[in-house]
Structures are given as structure tokens and as C-alpha cells.
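The file data.txt comes next; it holds compact mmCIF, C-alpha atoms.
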```txt
# COMPACT_ATOMS: atom_id res chain seq x y z
CA MET T 24 72.32 109.53 122.75
CA ALA T 25 71.81 113.29 123.15
CA THR T 26 68.27 114.57 123.50
CA GLY T 27 68.60 117.41 120.99
CA SER T 28 66.74 116.95 117.73
CA VAL T 29 68.59 116.60 114.43
CA GLU T 30 66.99 119.83 113.25
CA THR T 31 68.21 121.80 116.27
CA VAL T 32 71.74 120.43 115.97
CA THR T 33 71.78 121.23 112.26
CA GLN T 34 70.57 124.78 112.88
CA LEU T 35 73.25 125.36 115.49
CA LEU T 36 75.90 123.97 113.19
CA ASP T 37 74.80 126.38 110.47
CA LEU T 38 75.13 129.28 112.89
CA TRP T 39 78.53 128.05 114.08
CA ASN T 40 79.74 127.63 110.52
CA GLU T 41 78.75 131.26 109.93
CA GLY T 42 80.90 132.39 112.86
CA ASP T 43 78.47 132.43 115.79
CA LYS T 44 80.61 131.26 118.72
CA ARG T 45 77.61 131.18 121.09
CA ALA T 46 76.01 128.52 118.91
CA LEU T 47 78.90 126.20 119.69
CA ASN T 48 78.23 126.50 123.43
CA ARG T 49 74.58 125.49 122.95
CA LEU T 50 75.63 122.72 120.53
CA VAL T 51 78.08 121.21 123.02
CA SER T 52 75.35 121.21 125.65
CA LEU T 53 73.06 119.23 123.35
CA VAL T 54 75.61 116.55 122.49
CA TYR T 55 77.59 116.63 125.74
CA ASN T 56 76.82 113.01 126.63
CA GLU T 57 78.19 111.83 123.30
CA LEU T 58 81.30 114.00 123.67
CA ARG T 59 81.93 112.66 127.15
CA ARG T 60 81.52 109.09 125.91
CA LEU T 61 84.16 109.77 123.26
CA ALA T 62 86.46 111.30 125.87
CA SER T 63 85.92 108.32 128.18
CA GLY T 64 86.96 106.01 125.36
CA TYR T 65 90.21 107.92 124.92
CA VAL T 66 90.89 107.88 128.64
CA ARG T 67 90.45 104.10 128.80
CA ARG T 68 93.32 103.79 126.35
CA GLU T 69 95.75 105.63 128.65
CA PRO T 70 97.76 104.37 131.62
CA ALA T 71 95.69 104.98 134.75
CA SER T 72 98.37 107.11 136.39
CA GLN T 73 98.61 109.42 133.39
CA ALA T 74 95.00 109.66 132.20
CA MET T 75 93.21 112.96 131.75
CA GLN T 76 89.71 113.00 133.15
CA PRO T 77 86.96 112.81 130.48
CA THR T 78 85.58 116.18 131.59
CA ASP T 79 89.00 117.79 131.22
CA LEU T 80 89.39 116.35 127.73
CA VAL T 81 85.95 117.60 126.66
CA ASN T 82 86.73 121.06 128.04
CA GLU T 83 90.08 121.22 126.26
CA ALA T 84 88.45 120.06 123.02
CA TYR T 85 85.79 122.77 123.41
CA LEU T 86 88.45 125.48 123.78
CA ARG T 87 90.08 124.30 120.55
CA LEU T 88 86.78 124.08 118.71
CA VAL T 89 86.06 127.69 119.64
CA LYS T 90 89.26 128.75 117.87
CA LEU T 91 88.39 127.03 114.59
CA LYS T 92 87.80 129.55 111.81
CA LYS T 93 86.14 127.18 109.33
CA PRO T 94 84.52 124.27 111.22
CA ARG T 95 82.89 122.69 108.14
CA ALA T 96 80.58 120.38 110.11
CA GLU T 97 77.18 120.03 108.48
CA ASN T 98 75.54 117.37 110.64
CA ARG T 99 75.79 115.59 113.98
CA ALA T 100 78.07 112.83 112.66
CA GLN T 101 80.51 115.31 111.12
CA PHE T 102 80.59 117.36 114.31
CA LEU T 103 81.28 114.34 116.50
CA GLY T 104 83.96 113.19 114.06
CA LEU T 105 85.52 116.65 114.23
CA ALA T 106 85.35 116.63 118.02
CA ALA T 107 86.95 113.17 118.15
CA LYS T 108 89.81 114.39 115.96
CA VAL T 109 90.32 117.44 118.16
CA MET T 110 90.46 115.19 121.25
CA ARG T 111 93.05 113.05 119.53
CA ASN T 112 95.11 116.14 118.75
CA VAL T 113 94.91 117.18 122.39
CA LEU T 114 96.42 113.87 123.44
CA VAL T 115 99.02 114.00 120.67
CA ASP T 116 100.17 117.38 121.98
CA GLU T 117 100.27 115.96 125.51
CA ALA T 118 102.26 112.94 124.34
CA THR T 119 104.83 115.10 122.55
CA SER T 120 105.07 117.81 125.18
CA GLU T 121 108.46 118.82 126.52
CA GLU T 122 107.66 117.12 129.82
CA SER T 123 106.97 113.81 128.13
CA LEU T 124 110.07 114.06 125.96
CA GLU T 125 112.22 114.92 128.98
CA GLU T 126 110.96 111.79 130.70
CA GLY T 127 112.10 109.80 127.68
CA ARG T 128 108.74 108.30 126.92
CA LEU T 129 105.47 108.98 125.16
CA LYS T 130 102.77 109.83 127.62
CA TYR T 131 99.93 107.94 126.00
CA GLY T 132 99.46 104.57 124.40
CA VAL T 133 96.69 102.78 122.55
CA THR T 134 95.57 99.24 123.32
CA PHE T 135 94.03 97.42 120.39
CA ASP T 136 91.41 94.71 120.29
CA ASN T 137 92.85 91.21 120.08
CA ASP T 138 91.39 90.62 116.62
CA ILE T 139 93.55 93.28 114.98
CA GLY T 140 96.37 90.75 114.70
CA ILE T 141 99.20 93.09 115.68
CA ASN T 142 101.12 93.91 118.83
CA PRO T 143 98.42 94.84 121.36
CA GLU T 144 100.47 97.74 122.74
CA ILE T 145 100.94 100.30 119.97
CA ASP T 146 102.39 103.78 120.32
CA PHE T 147 99.71 106.49 120.23
CA ILE T 148 101.67 108.68 117.83
CA ALA T 149 102.16 105.86 115.31
CA VAL T 150 98.41 105.23 115.21
CA HIS T 151 97.70 108.95 114.96
CA GLU T 152 99.99 109.29 111.94
CA ALA T 153 98.52 106.20 110.29
CA LEU T 154 95.02 107.58 110.77
CA GLU T 155 96.05 110.87 109.19
CA ARG T 156 97.15 108.96 106.10
CA LEU T 157 93.92 106.98 106.00
CA GLU T 158 91.86 110.14 106.33
CA SER T 159 93.58 111.66 103.30
CA PHE T 160 91.95 109.17 100.92
CA ASP T 161 89.07 107.53 102.83
CA PRO T 162 87.43 109.88 105.36
CA GLN T 163 84.60 107.49 106.29
CA LYS T 164 86.97 104.69 107.31
CA ALA T 165 89.01 107.24 109.24
CA ARG T 166 85.92 108.39 111.16
CA ILE T 167 85.07 104.79 112.04
CA VAL T 168 88.63 104.14 113.23
CA GLU T 169 88.50 107.37 115.22
CA LEU T 170 85.39 106.24 117.06
CA ARG T 171 86.29 102.55 117.41
CA PHE T 172 90.03 102.69 118.15
CA PHE T 173 90.37 106.02 119.87
CA GLY T 174 86.89 106.62 121.23
CA GLY T 175 86.44 102.99 122.31
CA LEU T 176 82.91 102.80 120.89
CA SER T 177 81.33 99.49 119.93
CA ILE T 178 80.03 98.89 116.40
CA GLU T 179 76.50 99.55 117.67
CA GLU T 180 77.55 102.85 119.26
CA THR T 181 79.44 103.84 116.13
CA VAL T 182 76.29 103.19 114.08
CA GLU T 183 74.37 105.54 116.38
CA VAL T 184 76.95 108.31 116.15
CA LEU T 185 77.53 108.17 112.38
CA ARG T 186 73.92 107.35 111.51
CA ILE T 187 74.90 104.72 108.93
CA ASP T 188 73.84 101.08 108.82
CA ASP T 189 75.66 98.44 110.87
CA ALA T 190 76.65 96.42 107.78
CA THR T 191 78.54 99.43 106.41
CA VAL T 192 80.29 100.07 109.72
CA ALA T 193 81.27 96.40 110.06
CA ARG T 194 82.59 96.23 106.49
CA GLU T 195 84.51 99.50 106.67
CA TRP T 196 85.88 98.53 110.09
CA MET T 197 87.16 95.21 108.72
CA LEU T 198 88.86 96.89 105.76
CA ALA T 199 90.32 99.65 107.90
CA LYS T 200 91.78 97.08 110.32
CA SER T 201 93.39 95.26 107.41
CA TRP T 202 94.96 98.50 106.19
CA LEU T 203 96.10 99.53 109.67
CA LYS T 204 97.58 96.11 110.35
CA ARG T 205 99.86 96.61 107.37
CA GLU T 206 100.64 100.24 108.20
CA LEU T 207 101.50 99.46 111.82
CA ALA T 208 103.50 96.29 111.22
CA PRO T 209 106.77 96.76 113.14
CA ALA T 210 109.83 97.42 111.05
CA ALA T 211 112.95 95.54 112.06
CA PRO T 212 116.30 94.86 110.40
CA ALA T 213 115.65 91.83 108.22
CA SER T 214 119.20 90.58 108.60
CA VAL T 215 118.65 90.31 112.37
CA ARG T 216 115.20 88.75 112.19
CA THR T 217 115.76 86.25 109.42
CA GLY T 218 119.36 85.17 109.64
CA VAL T 219 119.78 85.93 105.92
CA GLU T 220 122.03 88.46 104.33
CA ILE T 221 120.38 91.43 102.60
CA ARG T 222 122.33 92.85 99.69
CA PRO T 223 121.67 96.00 97.65
CA VAL T 224 120.44 95.51 94.11
CA MET T 225 123.65 96.91 92.62
CA ASN T 226 125.89 94.46 94.46
CA ARG T 227 127.52 91.60 92.59
CA ILE T 228 125.12 88.69 92.30
CA GLY T 229 126.21 85.89 94.62
CA VAL T 230 125.17 82.33 95.30
CA GLY T 231 121.44 82.01 95.94
CA ILE T 232 120.61 85.59 94.97
CA ARG T 233 117.94 86.06 92.36
CA PRO T 234 118.64 89.07 90.06
CA LEU T 235 115.39 91.02 90.55
CA THR T 236 115.69 94.78 90.26
CA ASP T 237 112.40 95.47 92.03
CA GLN T 238 112.93 93.54 95.25
CA ILE T 239 115.39 93.24 98.12
CA LEU T 240 117.70 90.36 97.26
CA VAL T 241 118.46 87.59 99.70
CA ARG T 242 121.40 85.19 100.00
CA ARG T 243 120.22 82.32 102.16
CA LEU T 244 122.58 80.89 104.75
CA PRO T 245 122.62 77.06 105.02
CA ARG T 246 122.07 77.12 108.80
CA THR T 247 118.76 79.03 108.49
CA GLU T 248 117.49 77.91 105.10
CA PRO T 249 113.97 76.42 105.39
CA ARG T 250 113.99 73.23 103.33
CA THR T 251 110.43 71.94 103.73
CA ASP T 252 107.04 73.63 103.34
CA GLU T 253 106.50 73.39 107.09
CA GLU T 254 109.87 74.96 107.83
CA PHE T 255 109.14 77.79 105.39
CA PHE T 256 105.79 78.49 107.05
CA GLU T 257 107.41 78.58 110.49
CA PHE T 258 110.18 80.77 109.08
CA CYS T 259 107.56 83.29 107.93
CA GLN T 260 105.70 83.15 111.26
CA GLN T 261 108.90 84.00 113.09
CA ASN T 262 109.35 87.01 110.78
CA ARG T 263 105.81 88.32 110.59
CA ASP T 264 107.00 91.89 110.05
CA LEU T 265 108.38 90.87 106.64
CA ARG T 266 106.57 89.94 103.47
CA ILE T 267 108.38 86.89 102.12
CA GLU T 268 107.81 84.99 98.89
CA ARG T 269 109.40 81.79 97.61
CA THR T 270 110.05 80.96 93.97
CA LYS T 271 109.33 77.52 92.54
CA GLU T 272 113.10 76.91 92.65
CA GLY T 273 113.08 77.53 96.40
CA GLU T 274 114.73 80.96 96.44
CA LEU T 275 113.48 83.38 99.08
CA ILE T 276 112.50 86.95 98.26
CA ILE T 277 111.91 89.62 100.89
CA MET T 278 109.58 92.27 99.56
CA PRO T 279 110.38 95.88 100.50
CA PRO T 280 107.73 98.06 102.20
CA THR T 281 105.53 99.92 99.73
CA GLY T 282 105.76 103.65 99.24
CA GLY T 283 102.93 105.96 100.24
CA GLY T 284 101.41 106.18 96.77
CA THR T 285 101.35 102.41 96.33
CA GLY T 286 99.89 101.96 99.80
CA ILE T 287 97.06 104.36 98.96
CA ARG T 288 96.30 102.57 95.69
CA ASN T 289 96.31 99.18 97.42
CA ALA T 290 93.93 100.46 100.10
CA LYS T 291 91.54 101.92 97.52
CA LEU T 292 91.47 98.66 95.59
CA ILE T 293 90.99 96.58 98.74
CA SER T 294 88.11 98.76 99.91
CA ARG T 295 86.27 98.53 96.59
CA LEU T 296 86.78 94.80 96.04
CA GLY T 297 85.94 94.15 99.69
CA ALA T 298 82.65 96.06 99.43
CA TRP T 299 81.69 94.08 96.32
CA SER T 300 82.77 90.77 97.88
CA ASP T 301 80.68 91.35 101.01
CA LEU T 302 77.58 92.14 98.98
CA ASN T 303 78.13 89.37 96.43
CA GLY T 304 78.91 86.70 99.00
CA SER T 305 80.23 84.14 96.51
CA GLY T 306 83.87 84.20 97.58
CA GLN T 307 86.60 85.33 99.93
CA MET T 308 88.94 88.30 99.48
CA PHE T 309 92.57 88.37 100.68
CA ASP T 310 95.04 91.22 101.14
CA SER T 311 98.74 91.28 100.33
CA SER T 312 99.69 89.66 103.65
CA THR T 313 98.27 86.31 102.51
CA GLY T 314 100.67 83.77 101.03
CA PHE T 315 99.40 81.05 98.67
CA MET T 316 101.33 77.87 97.98
CA LEU T 317 100.88 77.36 94.26
CA PRO T 318 100.85 73.90 92.66
CA ASN T 319 104.42 74.52 91.43
CA ARG T 320 105.44 75.00 95.15
CA ALA T 321 106.09 78.72 94.76
CA VAL T 322 104.61 80.81 97.57
CA ARG T 323 103.21 84.08 96.29
CA SER T 324 101.40 87.02 97.89
CA PRO T 325 99.35 88.98 95.33
CA ASP T 326 98.56 92.58 96.23
CA VAL T 327 94.86 91.64 96.23
CA SER T 328 93.20 88.29 95.52
CA TRP T 329 89.82 86.55 95.59
CA MET T 330 88.69 82.92 95.69
CA ARG T 331 85.33 81.19 95.21
CA ASN T 332 83.66 79.89 98.36
CA ASP T 333 83.50 76.30 97.09
CA ARG T 334 87.26 76.17 96.65
CA TRP T 335 87.92 77.82 100.01
CA SER T 336 85.51 75.54 101.89
CA ASN T 337 87.18 72.45 100.40
CA LEU T 338 90.34 73.28 102.32
CA SER T 339 90.82 71.83 105.78
CA PRO T 340 90.97 74.23 108.75
CA GLN T 341 94.72 73.58 108.96
CA GLU T 342 95.18 74.45 105.26
CA GLN T 343 93.16 77.62 105.68
CA GLU T 344 95.26 78.76 108.63
CA LYS T 345 98.58 78.20 106.87
CA PHE T 346 99.47 79.06 103.28
CA PRO T 347 96.41 77.85 101.31
CA PRO T 348 97.73 75.17 98.87
CA LEU T 349 96.16 76.57 95.70
CA CYS T 350 96.12 79.63 93.49
CA PRO T 351 93.33 82.22 93.93
CA ASP T 352 90.77 82.57 91.15
CA PHE T 353 91.45 86.31 90.82
CA VAL T 354 94.77 88.07 91.42
CA VAL T 355 95.89 91.68 91.18
CA GLU T 356 99.37 93.16 91.16
CA ILE T 357 99.85 96.93 91.28
CA ARG T 358 103.12 98.19 89.87
CA SER T 359 105.13 100.64 91.97
CA ARG T 360 108.00 102.82 90.76
CA THR T 361 110.57 100.26 91.86
CA ASP T 362 108.82 97.29 90.22
CA SER T 363 110.08 95.73 87.01
CA LEU T 364 107.19 95.38 84.56
CA ALA T 365 108.75 92.24 83.07
CA THR T 366 108.97 90.61 86.50
CA LEU T 367 105.32 91.36 87.25
CA GLN T 368 104.29 90.01 83.84
CA ASP T 369 106.13 86.79 84.63
CA LYS T 370 104.27 86.56 87.94
CA MET T 371 100.93 87.00 86.21
CA GLU T 372 101.76 84.20 83.78
CA GLU T 373 102.74 82.03 86.75
CA TYR T 374 99.38 82.67 88.40
CA LEU T 375 97.56 81.64 85.22
CA SER T 376 99.60 78.48 84.77
CA ASN T 377 98.75 77.50 88.36
CA GLY T 378 95.00 77.96 88.14
CA ALA T 379 94.07 81.66 88.21
CA GLN T 380 91.04 82.49 86.06
CA LEU T 381 91.54 86.25 85.90
CA GLY T 382 94.47 88.54 86.57
CA TRP T 383 94.89 92.29 86.50
CA LEU T 384 98.32 93.91 86.31
CA ILE T 385 97.64 97.56 87.07
CA ASP T 386 100.37 99.94 85.96
CA PRO T 387 99.69 103.46 87.32
CA LEU T 388 103.00 104.68 85.89
CA ALA T 389 101.85 104.09 82.30
CA ARG T 390 98.11 104.33 83.10
CA LYS T 391 97.55 100.87 81.67
CA VAL T 392 95.82 97.71 82.85
CA HIS T 393 96.97 94.30 81.59
CA ILE T 394 94.13 91.74 81.61
CA TYR T 395 95.13 88.07 81.88
CA ARG T 396 92.82 85.11 81.16
CA PRO T 397 93.72 81.43 80.61
CA GLY T 398 94.55 80.53 77.02
CA LEU T 399 94.45 84.14 75.81
CA VAL T 400 97.09 86.73 75.03
CA ALA T 401 97.18 89.44 77.67
CA LYS T 402 94.95 92.36 76.71
CA ILE T 403 96.30 95.82 77.47
CA LEU T 404 93.86 98.65 78.20
CA ASP T 405 95.30 102.12 77.66
CA ASP T 406 94.11 104.62 80.29
CA PRO T 407 90.73 102.90 80.84
CA LYS T 408 88.04 104.56 82.93
CA THR T 409 86.79 101.25 84.30
CA VAL T 410 87.71 97.57 84.29
CA VAL T 411 84.99 94.91 84.44
CA GLY T 412 85.40 91.65 86.36
CA GLU T 413 82.81 89.67 84.38
CA PRO T 414 82.17 86.81 84.12
CA LEU T 415 84.16 85.66 87.18
CA LEU T 416 83.39 88.68 89.36
CA ARG T 417 79.79 89.32 88.44
CA GLY T 418 78.82 92.93 88.94
CA PHE T 419 82.28 94.14 89.94
CA ILE T 420 83.36 97.25 88.05
CA LEU T 421 86.51 99.04 89.15
CA ASP T 422 86.85 102.77 88.60
CA VAL T 423 90.51 102.69 87.60
CA GLN T 424 90.84 106.45 87.49
CA VAL T 425 90.96 106.59 91.31
CA LEU T 426 94.24 104.62 91.11
CA TRP T 427 95.87 107.14 88.80
CA ASP T 428 95.41 110.12 91.12
```

Just give me the structure as C-alpha cells.
Amino acid sequence: MATGSVETVTQLLDLWNEGDKRALNRLVSLVYNELRRLASGYVRREPASQAMQPTDLVNEAYLRLVKLKKPRAENRAQFLGLAAKVMRNVLVDEATSEESLEEGRLKYGVTFDNDIGINPEIDFIAVHEALERLESFDPQKARIVELRFFGGLSIEETVEVLRIDDATVAREWMLAKSWLKRELAPAAPASVRTGVEIRPVMNRIGVGIRPLTDQILVRRLPRTEPRTDEEFFEFCQQNRDLRIERTKEGELIIMPPTGGGTGIRNAKLISRLGAWSDLNGSGQMFDSSTGFMLPNRAVRSPDVSWMRNDRWSNLSPQEQEKFPPLCPDFVVEIRSRTDSLATLQDKMEEYLSNGAQLGWLIDPLARKVHIYRPGLVAKILDDPKTVVGEPLLRGFILDVQVLWD
């Protein structure tokens, strides 16, 4: 780490924030080793024949920092996060330069760790745009992604730079990866990938099409129709870029991608439930990519779900790796503008009848939360400030107002 004291860095930042350009020069000298480490991480992500040198990237970032009118960096971590973002913008400009476009390719790419669960070679610009969206509602996760993905820092190095505990970095990193995995999932024409015919909602209902107004409708072709549970699982693995559900009658439903607002709400909910789940330690949390095979043979993917550890550990490793053959204890569905409220209510009742102990249907459009518990009539909360997960989720209190914004 840099040898400059926190007090000296803070003093220089105060001077820079007040418009003293010379303070920036002294500040860069103090944290130069950290800046060069960030630049080296970026360079490692680039093709060797096209890479900028770390020194060049630091120098270019410095020239851009000098031009900032309102830096708004109050401590070392914020300054390094700002510098990392400026470096990323330098490479974005390089990747979208006229020279790169004339060559018919993007100049830079990003290679992800194997545990991200997505295509290891991802376009730099796609990741940049995804990170911009993440930063708009969760700056801390965005800073961690900046340092881990783009800067190439380890969790231990990220802890040093951000000056936060390693448990927080590890948790935020895990949640950010889950969000990015969904954001960066490749989009492909479903009719090509699945061998099924996609029809608009307003088309005449044909054989095998379920009349749902909130989902893409599918007419299954006999030659590709998965008949057994194993075939359905393999069918989904071959079409990992799609979110597919199956009704208890065996009809397939391809879920459309969420809009930006719904994606933000899902991410906020996942981050808060994930933080509680990590601290509580009594269960496992799942995102919307997880399919559960319910006792009635329907395969459903709640927007967010949670299961007690004793139930999860009773499953065999093979059952855990495929669609877990049970219903989660806690399920959440968040209504988007294209969702039918009646359809979501039916899904919540299906969860309860198959073993769920608590369900939340969150309706941002009406600012209502429908609470479902076994044997009870659904309770509707009108514009609540918080929703409490007791007694199943002990200590979990959701600030619902963040989902309305």
C-alpha cells in the first residue's frame, strides 16, 4: 500500500476538492503504487498485442482527473474508486475509437473468473454499461466490481483499498456477481435456441399455448418437447440464456427479460435478503435463475427465495445441482408493469399449496405488499414502510420504500 498517511491523503483531497490542482499531483505521488496496481489489473484483461502500458494508463487517468471540476472524493477509498472509474472510461474511449470501429472490432475485452458462471470472454463495453447501471443504485457493490473485475484485485487487496472488512467485501462481491450474471446473460432468439415457436400475446391462442398476458407464450413442437423431468432439465441447460418455467400440466413458459426498473428492485431485494441470510446463517438464499421442482411437478423460479439449511442439506448433491425437488420456505415475486396481478396471485397460492411457509407478492405499481401464510387469507399491506419476516426469517425487516423509488 502507499506510504502516505490517511491524514495527509485526506488533507490533499480537501485541497483538491477546493480547486487546488497542485494538490492532485502530490496526491497521485502518495498513492501511485495503488494506482499502478489498478492499471496493471486493467492491462491484464486486454489482449497482449493491444494492451496499454500501466504507466500510460495512469498518466492518461491523471490528465482526466486534472480536468474534473467537482472531484467529490473525501477519502482514499473514494479517490481510488474514482481513479478506477476514470481508467475504465479511458479504455472505453479506446475501445469505441474510430480506429477500433474501422477495424470492425472492439479493442478491449474482459476475462472473468471461472466462478462467475457466464461466458468467460465478455465484451468490455457490455460490462462497462452493466456496471454503470449497478452504480446508479448500489455504489459500494459497483466499487467492489470495479476493483475486482476491472482492476484485477483479490478480495484481500480490495479490503485494503476500500478499508472495509473482508466479510463485507466477500458478501457484496457474491451478490454483485449474481446480479451481473443476470445482466450479462447472452440474448439470443428463443425460437432458434429452443426449437419452439414464440407467438405474440395478441395472437390467436393455439394448441399448447397458455393464455398468460404477462409472459411470452410458447407452442411446443412434438419433436423438441421434453417429456420427462430429466429431459426438461437438459432442455433448460441447453438454453441457459432463457428463464423457463413449467406448469403442473407440463406447459412451458419462457419468461421475458425484466425491464430496468424491475431489475433494480430485484437487485435491491437480493442484496438486503442476502446480507441478512449471511449474518443469520440458518438458510440458503436463491436468485431468480434457480428453478424448483414443486411436489405438483411444476418448475417455478421465484424472483427471490430462501430455504432452511436442514431442508437443503437433506438433498443429495445431484438434487442440489439440478432443480431442487421441493418448494422453498420463503418466496418473493415482484410485479412488473407487464405482469398480471391475478397470475402472480395464483403462483403465490401454488407455492403455499406445495410447502412454502411465507410468501411476499410485492406490487410496486400499487405500492402494496401481499403477505401469504399457510391456512390464512392473504393480508394486503397498503404502502407499508417495512415488512417483517418473523417468525420464519428472524430479524429480517425489509425497507419496502426503497422498492417504490

Using all atoms listed in the file for the distances, tell me which of T:Cys259, T:Ala389, T:Leu317, T:Val327 is nearest to Pro347 of chain T. T:Leu317

With only C-alpha atoms as the atoms that count, which of T:Arg166, T:Lys44, T:Arg390, T:Lys291 lies nearest to Leu421 of chain T? T:Lys291

Hey, what's within 10 Å of segment 294-305 of chain T if we count all atoms listed in the file and toss same-chain stuff fewer than 3 positions away? As number ranges by chain, please? T: 161, 164, 190-191, 194-195, 197-199, 201-202, 288-291, 308-310, 327-333, 416-422

Can you tell me how far atom CA of Met75 of chain T sits from atom CA of Leu154 of chain T, in Å to one decimal?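 Separation of atom CA of Met75 of chain T and atom CA of Leu154 of chain T: 21.7 Å.
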
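Among the candidate residues T:Val109, T:Gly284, T:Arg320, T:Gln307, the one lying nearest to Gln343 of chain T is T:Gln307, with distances computed using only C-alpha atoms.
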